[in-house]
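Just below is one structure, and these are the notes that go with it.
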Amino acid sequence: MAECHPVGFQWVMEAKARGAKLIHVDPRFTRTSALADVHVSLRAGSDIVFLGAIIRYVLEHEQYFRDYVVAYTNGPVLLRDDFRDTEDLDGVFSGFDPEGRSYDTSSWQYEGADDGGDDASAAKDAAQAESHGSGGAPVGEGEPRRDDTMQHPRCVFQVLKRHFSRYTPEMVEEACGVPQDAFLRVCEMIASNSGRDRTTAFAYAVGWTQHTVGVQYIRTAAILQTLLGNIGRPGGGILALRGHASIQGSTDIPTLFNILPGYIAMPHAHKHEDLDSFIEAEAATKGYWGNMRAYMVSLLKAYYGDAARPDNDFCFDYLPRLTGNHSTYETVREQMKGACSGYFLMGENPAVGSANAKMQRLGMAKLDWLVVRDFSLIESATWWKDGPEIESGELRTDDIATEVFFLPAAAHTEKNGTFTNTQRLLQWHHAAVEPQGDARSELWFMYHLGLRIREKLAASTDAMDRPVLDLTWDYPTKGRLAEPDAEAVLAEINGWGADHAPLSASTELRDDGSTTCGCWIYCGAYAGGTNQTARRKPGSDQSWVAPEWGWAWPANRRILYNRASADPDGRPWSDRKAYVWWDAGEKKWTGHDVPDFEADKPPDHVPAPDAKGPDAIGGRDPFVMQVDGKAWLFAPAGLTDGPLPTHYEPQESPFANALYGQLRNPARQLTDASGGHNLYHPSDGEPASDVFPYVATTYRLTEHHTAGGMSRWQPYLSELQPEMFCEVSPELAAERGLEHAGWATIVTARGAIEARVLVTDRVASLTVAGRRVHQVGLPYHWGPNGYSTGDAANELAHLSLDPNVHIQEVKAFTCDVQPGRRPRGRARLALVDEYRRRAGITEATGREP
Amino acid sequence: MPLDPDPATSVGYTDHPDRVGFFTDTTLCIGCKACEVACKEWNHVPDDGLKLTGMSYDNTVSLSADSWRHVAFVEQHKPVAQEDGGPGELRWLMASDVCKHCTHAACLDVCPTGSLFRTEFGTVVVQEDICNGCGYCIPACPYGVIDQRKDDGRAWKCTMCYDRLGVGLEPACAKACPTDSIQFGLLDDLRARAHDRVDALHAAGVPEARLYGHDPTDGVGGAGAFFLLLDEPEVYGMPPDPVVTTRDLPEMWKRVGTAAVALVGAAIAAFVGTS
């Protein structure tokens with residue numbers, strides 16, 4: 001966090017100053033480790049073993065928060081008798097179809113509930129798991145059976161206990177390379193700092209997500225935090241430290257293919273023929289997702305205004321449809337096949353920053369047109385004249401038909417708008433200066449592009465053009481540059497009622513077309529016609545929760561699910577951790593924050609059996625976005641690769657799976673060999689796996705920003721980290737003859753790069769399964785353009801993805817390292833070919849389930 | 001040598017603000033180098049060359065004409081070896097160094113043009129439009145802080161953002177520091193705060209915490225920028241016992257004078273002798 005989020009790290013330092021203990025778990029010793037009370041170095045790719053073993057510790061030592069678990073989680077709920085755990089099937093769950101690499105989730109359901117659950121293969125295809133970013137997936141109707149003693153062998157709690165029983169301290173030592181005493185120290189620190197009086201927070205970044213089991217990493221932490229009672233309470237939670245500014249915002253109002261604003265699923269071409277069938281399929285019957293029709297209709301009204309009417313399904317037919325997976329890596333495959341012909345890159349540099357960078361460039365070389373909006377001539381804008389494939393002769397500039405447009409972009413200091421941070425806090429930023437020259441904001445670009453397209457289509461009578469022509473596209477503009485008014489956009493996102501007065505809460509949204517709202521979870525950000533996100537009242541002038549600094553979704557709530565900060569009867573779990581509580585005299589919920597609960601629903605409220613939507617949530621059920629109001633220790637629906645996290649080795653690993661016969665995540669998403677550009681290495685136990693003996697992991701440095709577009713052209717940042725380097729332990733340096741500050745060549749079946757060498761104890765070699773394993777640290781900021789240059793680490797990475805959200809596995813893959821600089825031109829390809837031959841790699845390698 | 005502990009008073013300011021300074025608490029430094037960048041942005045300092053040094057994450061190496069803040073990175077095992085022969089616990093020390101704005105500033109003493117001067121805040125500033133590039137100040141600095149810019153010959157160093165102080169702003173580095181490792185304020189307040197911090201660290205089981213440059217009785221009369229360190233100053237590249245290089249000058253000149261008189265006397269005697 002100090003390494004990649006130094007400004008946010010000030011709050012960790014503040015907590016430390018108040019006595020908080022800081023634990024850092026990371027394969028390398030970073031600037032965070034330097035300030036931590038405890039640093040644990042583990043093998044990249046083994047985190048589920050580490051976290052799973054803490055879960056086991058907490059269960060075995062009775063350190064979980066029992067009252068919280070019984071009341072607020074699905075721990076007491078019974079599973080069906082046909083559910084089989086990884087304990088029974090050597091590393092897979094019941095319902096697995098090896099042919100389709102997917103699960104039928106029906107056996108994961110609760111006993112007593114109807115057969116609910118997702119069709120996991122379809123969900124995987126369309127990445128619909130992401131639509132649960134604001135709450136749980138639907139489960140079947142009916143009341144599941146419970147055992148509040150949590151003794152029944154089929155209750156979630158006992159299944160969980162059995163599932164994690166083999167995640168022992170010994171196994172942590174064996175699989176993670178972490179000495180048992182270091183592991184147990186972490187367990188004791190976390191367990192002793194959780195309970196009625198104390199809470200522990202987890203923070204993670206892409207080190208957890210960029211794996212073929214990325215979502216399950218987070219699930220493991222979620223289970224642990226739920227068992228400890230650290231969710232919905234002050235000082236608790238799991239904080240996702242996003243990759244750059246407002247990535248939370250660009251998930252809430254998504255730049256993703258598979259969701260609409262507010263985590264509403266993107267309609268599917270065949271499953272969702274009309275609005276009714278869409279709502280039927282996607283809305284939950286219970287909890288706040290029960291109001292999805294109101295959210296969706298209000299969104300359509302924001303998009304299409306007067307054109308959206310009840311008699312035309314509010315223009316639901318205008319929305320684009322999914323036909324399958326259209327994620328970024330799938331798009332690259334479509335480009336390579338010639339099926340995707342145009343591409344906008346806005347503030348993104350995939351030629352450096354995306355896994356298997358070569359495939360990114362080869363895809364772009366097949367486009368008809370490419371628009372790059374950035375500050376500088378990044379590699380994604382110049383690959384056609386000076387990229388690695390031009391040097392190797394694989395591409396010739398004369399043969400590339402892609403028309404490339406480079407448009408200069410305005411910086412954040414030159415535009416108005418919001419950042420949404422990991423706490424869901426929207427903070428407005430004001431333009432300090434006007435952009436220079438031809439540089440424009442994204443808002444300007446999209447708005448004026450829309451105006452021009454609409455002008456060209458104005459005379460069209462083709463029904464296909466109605467979705468563009470009927471859009472409400474009338475933002476007021478200001479100034480010399482005709483910059484659209486960003487506050488007008490925020491007002492549209494907030495929404496208004498029939499009287500055009502701004503709404504103040506999503507509970508005011510209606511499904512009859514009388515309200516508009518561009519993103520239901522942001523409803524209230526412009527309440528009273530005031531930009532709530534621009535509030536900057538100093539912390540010293542308000543309560544410690546600071547509700548008048550910016551605005552947090554939903555409803556300016558600073559902690560989600562905060563009803564869990566009170567016990568089932570509505571009393572704070574302890575005075576020290578009091579946050580919101582039931583005021584029996586006033587008969588309402590009150591406290592330091594906006595209660596995340598219906599204000600007048602008493603703790604003893606029992607919903608009617610036929611209640612729908614929020615009415616179906618009981619007075620003791622804090623997790624109001626979930627259909628059952630419970631935190632899910634076991635996920636009967638919503639995940640494509642298992643209801644409980646399970647350790648699988650990365651796609652490429654020098655080790656067998658110490659826990660199960662199943663080596664890799666059987667449901668992982670494999671990209672095809674792509675003309676020999678996406679080949680995998682053999683793992684341990686497979687022939688010639690020793691050709692790639694080392695574990696590579698990519699990461700960022702404080703001094704640079706992601707793929708370098710904002711930093712490698714800045715002299716003041718470039719001089720601080722002037723060129724690409726790799727970090728290796730003294731042991732690995734000795735083994736391969738690497739010289740400190742000299743050069744190394746790093747090779748995989750995808751490519752070969754060179755880097756300067758830093759030999760350092762900060763990247764530890766570990767003993768795993770009785771063998772020494774060396775890890776190679778690779779910052780991924782560099783490419784050939786700019787002041788500060790170097791080869792891109794992503795040349796080495798493969799495309800084997802997490803099946804839930806299609807993220808690449810760049811935090812753990814295998815490689816070889818040799819001293820010296822890499823060969824130039826064609827010789828570079830020959831080196832990679834030679835490695836492929838030596839390792840016996842074919843298009844089938846590493847593709848077993 | 002003026003004995004007045006307040007340097008602004010000692011050079012003749014009568015109605016001046018209290019002396020300001022930096023307290024750099026290296027136990028809070030996360031090595032983000034925001035201080036280096038903010039300093040350059042504010043003061044229009046050019047980049048200092050792009051060279052990977054291999055010295056941990058330190059590619060700035062030292063304070064110079066083009067680096068007025070420098071974050072040192074020290075990877076060490078503490079202790080170096082344990083009883084069983086294995087290395088001690090890995091530590092990564094980070095520390096942001098800067099001009100010390102000495103109470104007795106030799107750079108200022110030797111400057112022949114008056115380019116270097118003592119400000120009303122008690123800080124030491126070079127005036128770029130007066131400096132003639134003679135370079136006397138460079139060997140005079142006991143810390144090796146001040147430096148000549150190669151392409152223009154003039155001397156450059158931290159001004160403690162004199163222009164910002166003048167309008168009531170804190171220096172850019174302190175403003176940018178996310179963890180308050182760099183604290184700006186009235187020097188007396190900072191010294192009191194620093195002693196409290198050392199006491200707190202000692203009580204918290206960090207016996208190696210110590211102050212550097214805080215003591216008005218040290219060789220430079222106390223620094224206007226002082227530090228809390230976790231190891232010997234040499235570990236961070238700082239001199240252990242800096243002395244203002246002009247301290248002995250009066251005594252030296254006295255001896256030179258005596259010697260010169262003696263020499264002249266001897267020469268006269270010689271002439272007298274030969275005539």
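As shown in the structure tokens, the chain order sets the letters A, B, ...; within each chain, residues go from 1, and ligands are also counted from 1 in the order they appear.
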Fill in: Residues of chain B within 8 Å of chain A, counting only C-alpha atoms, as a list of chain:residue names
B:Thr27, B:Leu28, B:Ile30, B:Gly31, B:Cys32, B:Lys33, B:Val37, B:Lys40, B:Asp47, B:Asp48, B:Gly49, B:Leu50, B:Lys51, B:Leu52, B:Thr53, B:Gly54, B:Ser56, B:Tyr57, B:Asp58, B:Asn59, B:Thr60, B:Leu90, B:Arg91, B:Trp92, B:Leu93, B:Pro178, B:Thr179
Atoms kept (C-alpha atoms) for selection, written as a short mmCIF file (atom, residue, chain, number, x, y, z; two decimals), in the first residue's frame:
```cif
data_model
loop_
_atom_site.label_atom_id
_atom_site.label_comp_id
_atom_site.auth_asym_id
_atom_site.auth_seq_id
_atom_site.Cartn_x
_atom_site.Cartn_y
_atom_site.Cartn_z
CA THR B 27 10.70 6.38 11.16
CA LEU B 28 7.66 7.69 9.26
CA ILE B 30 7.82 5.48 3.22
CA GLY B 31 10.36 6.40 0.56
CA CYS B 32 7.79 7.72 -1.89
CA LYS B 33 10.09 10.58 -2.97
CA VAL B 37 9.39 15.75 -6.91
CA LYS B 40 11.61 20.25 -8.21
CA ASP B 47 16.12 16.63 -13.59
CA ASP B 48 19.39 15.24 -12.31
CA GLY B 49 20.06 12.68 -15.01
CA LEU B 50 18.54 9.26 -15.61
CA LYS B 51 20.87 6.62 -14.25
CA LEU B 52 20.04 3.36 -12.52
CA THR B 53 22.57 3.12 -9.71
CA GLY B 54 21.81 -0.25 -8.16
CA SER B 56 18.51 -0.02 -3.63
CA TYR B 57 15.74 2.31 -4.87
CA ASP B 58 17.98 5.37 -4.63
CA ASN B 59 18.74 6.72 -8.09
CA THR B 60 19.25 10.27 -6.82
CA LEU B 90 15.84 -7.30 7.28
CA ARG B 91 15.34 -3.54 7.62
CA TRP B 92 14.83 -0.97 4.89
CA LEU B 93 15.66 2.47 6.19
CA PRO B 178 1.98 12.03 2.87
CA THR B 179 3.06 10.61 6.22
#
```
Discussion item. I want to know what sits within 9 Å of Thr200 (chain A), based on only C-alpha atoms, with residues of the same chain fewer than 6 positions away left out; could you give that as a PyMOL selection string?
Written reply: chain A and resi 190-191+193-194+225+228+230+235-237
Residues of the last selection are to be written out with N, CA and C atoms, as an mmCIF file, in the first residue's frame.
```cif
data_model
loop_
_atom_site.group_PDB
_atom_site.id
_atom_site.type_symbol
_atom_site.label_atom_id
_atom_site.label_comp_id
_atom_site.auth_asym_id
_atom_site.auth_seq_id
_atom_site.Cartn_x
_atom_site.Cartn_y
_atom_site.Cartn_z
ATOM 1 N N ILE A 190 -4.290 -11.376 14.532
ATOM 2 C CA ILE A 190 -5.604 -11.091 13.933
ATOM 3 C C ILE A 190 -6.724 -11.518 14.880
ATOM 4 N N ALA A 191 -6.598 -12.723 15.422
ATOM 5 C CA ALA A 191 -7.676 -13.245 16.272
ATOM 6 C C ALA A 191 -7.832 -12.401 17.536
ATOM 7 N N ASN A 193 -7.245 -9.385 17.876
ATOM 8 C CA ASN A 193 -7.685 -8.018 17.566
ATOM 9 C C ASN A 193 -9.072 -8.015 16.919
ATOM 10 N N SER A 194 -9.837 -9.072 17.128
ATOM 11 C CA SER A 194 -11.188 -9.141 16.564
ATOM 12 C C SER A 194 -12.145 -9.605 17.661
ATOM 13 N N GLN A 225 -13.073 -12.589 7.505
ATOM 14 C CA GLN A 225 -13.563 -11.372 8.152
ATOM 15 C C GLN A 225 -14.989 -11.558 8.693
ATOM 16 N N LEU A 228 -14.864 -13.532 11.909
ATOM 17 C CA LEU A 228 -14.338 -12.733 13.008
ATOM 18 C C LEU A 228 -15.271 -11.581 13.377
ATOM 19 N N ASN A 230 -15.915 -8.948 11.474
ATOM 20 C CA ASN A 230 -15.247 -7.707 11.082
ATOM 21 C C ASN A 230 -15.900 -7.035 9.877
ATOM 22 N N GLY A 235 -13.726 0.090 11.676
ATOM 23 C CA GLY A 235 -12.385 -0.480 11.775
ATOM 24 C C GLY A 235 -12.270 -1.848 11.141
ATOM 25 N N GLY A 236 -13.359 -2.331 10.554
ATOM 26 C CA GLY A 236 -13.317 -3.653 9.922
ATOM 27 C C GLY A 236 -13.335 -3.526 8.414
ATOM 28 N N GLY A 237 -13.797 -4.588 7.787
ATOM 29 C CA GLY A 237 -13.983 -4.539 6.345
ATOM 30 C C GLY A 237 -12.821 -5.095 5.549
#
```
Discussion item. Need to verify the contact set: Pro603 (chain A), 7 Å, only C-alpha atoms, exclusion of same-chain residues closer than 6 positions in sequence. Can you return it as a list in words?
Written reply: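 Neighbouring residues, sequence-local ones excluded: Pro568, Asp569, Gly570, Gly619 and Arg620 of chain A.
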Kindly save the residues from that selection, with C-alpha atoms included, as a PDB file, in the first residue's frame.
```
ATOM      1  CA  PRO A 568     -29.403  -8.987  16.956  1.00  0.00           C
ATOM      2  CA  ASP A 569     -31.433  -6.950  19.467  1.00  0.00           C
ATOM      3  CA  GLY A 570     -30.048  -3.722  18.096  1.00  0.00           C
ATOM      4  CA  GLY A 619     -35.077  -7.153  11.578  1.00  0.00           C
ATOM      5  CA  ARG A 620     -31.940  -9.159  12.331  1.00  0.00           C
TER       6      ARG A 620
END
```
Worksheet item: What gap, in Å, lies between CA of Asp499 (chain A) and CA of Tyr303 (chain A)?
Response: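 Rounded to one decimal, the two atoms are 17.9 Å apart.
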Fill in: Two-atom distance - CA of Ala307 (chain A), CA of Val468 (chain A) (Å)
11.6 Å
Worksheet item: Which residue gives the smallest distance to Ile253 (chain A) among A:Thr472, A:Asn678, A:Ser380, A:Asn494, with only C-alpha atoms counted?
Response: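 Among the listed residues, A:Asn494 lies closest to Ile253 (chain A).
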Worksheet item: Excluding same-chain residues fewer than 3 positions from Tyr660 (chain A), what lies within 6 Å of it counting only C-alpha atoms, as a VMD selection string?
Response: chain A and resid 90 to 91 657
Let's have the selection written as a compact mmCIF listing (two decimals), in the first residue's frame, with C-alpha atoms.
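File produced: result.txt:
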```txt
# COMPACT_ATOMS: atom_id res chain seq x y z
CA ASP A 90 -9.89 -34.58 -4.37
CA GLY A 91 -10.07 -30.91 -5.20
CA ASN A 657 -0.82 -29.05 -5.46
```
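Proximity ranking of B:Val235, B:Leu108, B:Leu229, B:Leu165 relative to Ala194 (chain B) places B:Leu229 first, based on only C-alpha atoms.
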Item to complete: Based on DSSP run over this structure's backbone, return all residues of region 475-687 of chain A in alpha helix (DSSP H), as a ChimeraX atom specification.
Response: /A:486-494
Item to complete: May I have the residues within 10 Å of Leu275 (chain A) as a ChimeraX atom specification, using only C-alpha atoms and disregarding those fewer than 2 positions away in the same chain?
Response: /A:267,272-273,277-281,293,296-297,312-317
Excluding Ala209 (chain B) and its own-chain neighbours fewer than 4 positions away, which residues fall within 10 Å of it when counting only C-alpha atoms? Please give them as an mmCIF file with N, CA and C atoms, in the first residue's frame.
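Writing done, so here's selection_7.cif:
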```cif
data_model
loop_
_atom_site.group_PDB
_atom_site.id
_atom_site.type_symbol
_atom_site.label_atom_id
_atom_site.label_comp_id
_atom_site.auth_asym_id
_atom_site.auth_seq_id
_atom_site.Cartn_x
_atom_site.Cartn_y
_atom_site.Cartn_z
ATOM 1 N N ASP B 25 11.414 13.034 10.475
ATOM 2 C CA ASP B 25 11.305 11.830 11.300
ATOM 3 C C ASP B 25 11.375 10.620 10.367
ATOM 4 N N THR B 26 12.548 10.023 10.266
ATOM 5 C CA THR B 26 12.733 8.976 9.257
ATOM 6 C C THR B 26 11.962 7.700 9.600
ATOM 7 N N THR B 27 11.488 7.577 10.837
ATOM 8 C CA THR B 27 10.697 6.376 11.163
ATOM 9 C C THR B 27 9.340 6.410 10.473
ATOM 10 N N ARG B 197 9.010 12.517 20.673
ATOM 11 C CA ARG B 197 8.906 11.372 19.764
ATOM 12 C C ARG B 197 9.973 10.318 20.095
ATOM 13 N N VAL B 198 11.165 10.798 20.378
ATOM 14 C CA VAL B 198 12.241 9.860 20.749
ATOM 15 C C VAL B 198 11.860 9.139 22.039
ATOM 16 N N ASP B 199 11.342 9.883 23.001
ATOM 17 C CA ASP B 199 10.924 9.247 24.259
ATOM 18 C C ASP B 199 9.863 8.183 23.993
ATOM 19 N N ALA B 200 8.904 8.522 23.118
ATOM 20 C CA ALA B 200 7.825 7.576 22.818
ATOM 21 C C ALA B 200 8.389 6.332 22.137
ATOM 22 N N LEU B 201 9.327 6.534 21.235
ATOM 23 C CA LEU B 201 9.909 5.378 20.539
ATOM 24 C C LEU B 201 10.720 4.516 21.504
ATOM 25 N N HIS B 202 11.459 5.153 22.388
ATOM 26 C CA HIS B 202 12.215 4.380 23.384
ATOM 27 C C HIS B 202 11.253 3.561 24.239
ATOM 28 N N GLY B 205 9.984 0.424 22.661
ATOM 29 C CA GLY B 205 10.930 -0.643 22.349
ATOM 30 C C GLY B 205 11.766 -0.385 21.115
ATOM 31 N N LEU B 228 15.368 12.483 12.945
ATOM 32 C CA LEU B 228 15.279 11.354 13.865
ATOM 33 C C LEU B 228 15.716 10.126 13.072
ATOM 34 N N LEU B 229 16.783 9.487 13.533
ATOM 35 C CA LEU B 229 17.369 8.354 12.814
ATOM 36 C C LEU B 229 17.230 7.071 13.633
ATOM 37 N N LEU B 230 17.382 5.952 12.936
ATOM 38 C CA LEU B 230 17.335 4.649 13.604
ATOM 39 C C LEU B 230 18.699 3.961 13.585
ATOM 40 N N ASP B 231 19.706 4.681 13.145
ATOM 41 C CA ASP B 231 21.046 4.085 13.109
ATOM 42 C C ASP B 231 22.039 5.239 13.106
ATOM 43 N N GLU B 232 23.325 4.888 13.082
ATOM 44 C CA GLU B 232 24.351 5.923 13.056
ATOM 45 C C GLU B 232 24.163 6.791 11.814
#
```
Running DSSP on the backbone, which parts of region 4-184 of chain A land in strand (DSSP E or B), as a PDB file with N, CA and C atoms, in the first residue's frame?
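Okay, states-v9.pdb is ready:
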```pdb
ATOM      1  N   ILE A  23       0.297  -5.689   9.628  1.00  0.00           N
ATOM      2  CA  ILE A  23       0.865  -6.942   9.114  1.00  0.00           C
ATOM      3  C   ILE A  23       0.917  -6.842   7.604  1.00  0.00           C
ATOM      4  N   HIS A  24       2.036  -7.198   7.023  1.00  0.00           N
ATOM      5  CA  HIS A  24       2.152  -7.154   5.565  1.00  0.00           C
ATOM      6  C   HIS A  24       2.560  -8.524   5.052  1.00  0.00           C
ATOM      7  N   VAL A  25       1.742  -9.075   4.158  1.00  0.00           N
ATOM      8  CA  VAL A  25       2.035 -10.382   3.575  1.00  0.00           C
ATOM      9  C   VAL A  25       2.260 -10.176   2.086  1.00  0.00           C
ATOM     10  N   ARG A  28       7.492 -10.082  -1.797  1.00  0.00           N
ATOM     11  CA  ARG A  28       8.663  -9.205  -1.700  1.00  0.00           C
ATOM     12  C   ARG A  28       8.522  -8.281  -0.500  1.00  0.00           C
ATOM     13  N   VAL A  38       4.927  -6.556  11.184  1.00  0.00           N
ATOM     14  CA  VAL A  38       5.278  -7.917  10.778  1.00  0.00           C
ATOM     15  C   VAL A  38       5.235  -7.984   9.260  1.00  0.00           C
ATOM     16  N   HIS A  39       6.278  -8.537   8.665  1.00  0.00           N
ATOM     17  CA  HIS A  39       6.227  -8.838   7.230  1.00  0.00           C
ATOM     18  C   HIS A  39       6.401 -10.337   7.050  1.00  0.00           C
ATOM     19  N   VAL A  40       5.518 -10.929   6.249  1.00  0.00           N
ATOM     20  CA  VAL A  40       5.618 -12.352   5.936  1.00  0.00           C
ATOM     21  C   VAL A  40       5.805 -12.484   4.435  1.00  0.00           C
ATOM     22  N   THR A  73     -24.836 -14.752   9.488  1.00  0.00           N
ATOM     23  CA  THR A  73     -24.258 -15.451   8.335  1.00  0.00           C
ATOM     24  C   THR A  73     -25.103 -16.674   8.001  1.00  0.00           C
ATOM     25  N   VAL A  77     -27.132 -22.603   8.075  1.00  0.00           N
ATOM     26  CA  VAL A  77     -28.031 -23.118   7.031  1.00  0.00           C
ATOM     27  C   VAL A  77     -27.536 -24.475   6.524  1.00  0.00           C
ATOM     28  N   LEU A  78     -28.483 -25.374   6.274  1.00  0.00           N
ATOM     29  CA  LEU A  78     -28.123 -26.723   5.818  1.00  0.00           C
ATOM     30  C   LEU A  78     -28.019 -26.780   4.303  1.00  0.00           C
ATOM     31  N   LEU A  79     -27.024 -27.519   3.843  1.00  0.00           N
ATOM     32  CA  LEU A  79     -26.862 -27.741   2.405  1.00  0.00           C
ATOM     33  C   LEU A  79     -27.553 -29.041   2.008  1.00  0.00           C
ATOM     34  N   PHE A  96     -19.217 -30.712 -11.406  1.00  0.00           N
ATOM     35  CA  PHE A  96     -18.235 -30.263 -12.391  1.00  0.00           C
ATOM     36  C   PHE A  96     -18.372 -31.029 -13.709  1.00  0.00           C
ATOM     37  N   ASP A  97     -18.325 -30.291 -14.789  1.00  0.00           N
ATOM     38  CA  ASP A  97     -18.353 -30.877 -16.124  1.00  0.00           C
ATOM     39  C   ASP A  97     -16.991 -30.621 -16.767  1.00  0.00           C
ATOM     40  N   SER A 102     -16.921 -26.356 -16.458  1.00  0.00           N
ATOM     41  CA  SER A 102     -17.832 -25.498 -15.699  1.00  0.00           C
ATOM     42  C   SER A 102     -18.639 -26.340 -14.736  1.00  0.00           C
ATOM     43  N   TYR A 103     -19.276 -25.635 -13.824  1.00  0.00           N
ATOM     44  CA  TYR A 103     -20.047 -26.282 -12.771  1.00  0.00           C
ATOM     45  C   TYR A 103     -21.540 -26.121 -12.999  1.00  0.00           C
ATOM     46  N   ASP A 104     -22.269 -27.198 -12.742  1.00  0.00           N
ATOM     47  CA  ASP A 104     -23.702 -27.112 -12.521  1.00  0.00           C
ATOM     48  C   ASP A 104     -23.854 -26.891 -11.017  1.00  0.00           C
ATOM     49  N   TYR A 110     -29.148 -24.577  -0.873  1.00  0.00           N
ATOM     50  CA  TYR A 110     -29.607 -24.841   0.494  1.00  0.00           C
ATOM     51  C   TYR A 110     -30.674 -25.929   0.480  1.00  0.00           C
ATOM     52  N   ASP A 119     -26.817 -20.657 -13.881  1.00  0.00           N
ATOM     53  CA  ASP A 119     -26.204 -21.582 -14.824  1.00  0.00           C
ATOM     54  C   ASP A 119     -24.759 -21.114 -14.960  1.00  0.00           C
ATOM     55  N   ARG A 146     -32.387 -24.718   8.906  1.00  0.00           N
ATOM     56  CA  ARG A 146     -31.324 -24.159   9.740  1.00  0.00           C
ATOM     57  C   ARG A 146     -31.052 -25.039  10.948  1.00  0.00           C
ATOM     58  N   CYS A 155     -24.588 -28.472   7.845  1.00  0.00           N
ATOM     59  CA  CYS A 155     -24.736 -27.017   7.927  1.00  0.00           C
ATOM     60  C   CYS A 155     -23.456 -26.367   7.406  1.00  0.00           C
TER      61      CYS A 155
END
```
Item to complete: Using only C-alpha atoms, determine which residues lie at most 9 Å from Lys366 (chain A), disregarding the query and same-chain residues fewer than 2 positions distant; provide the list as number ranges by chain.
Response: A: 335-338, 340-341, 361-364, 368-369, 400-402
Practice prompt. Grab the CA of Glu598 (chain A) to CA of Gly518 (chain A) distance for me, in Å with one decimal place.
Written response: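 Atom-to-atom, CA of Glu598 (chain A) to CA of Gly518 (chain A), that is 23.3 Å.
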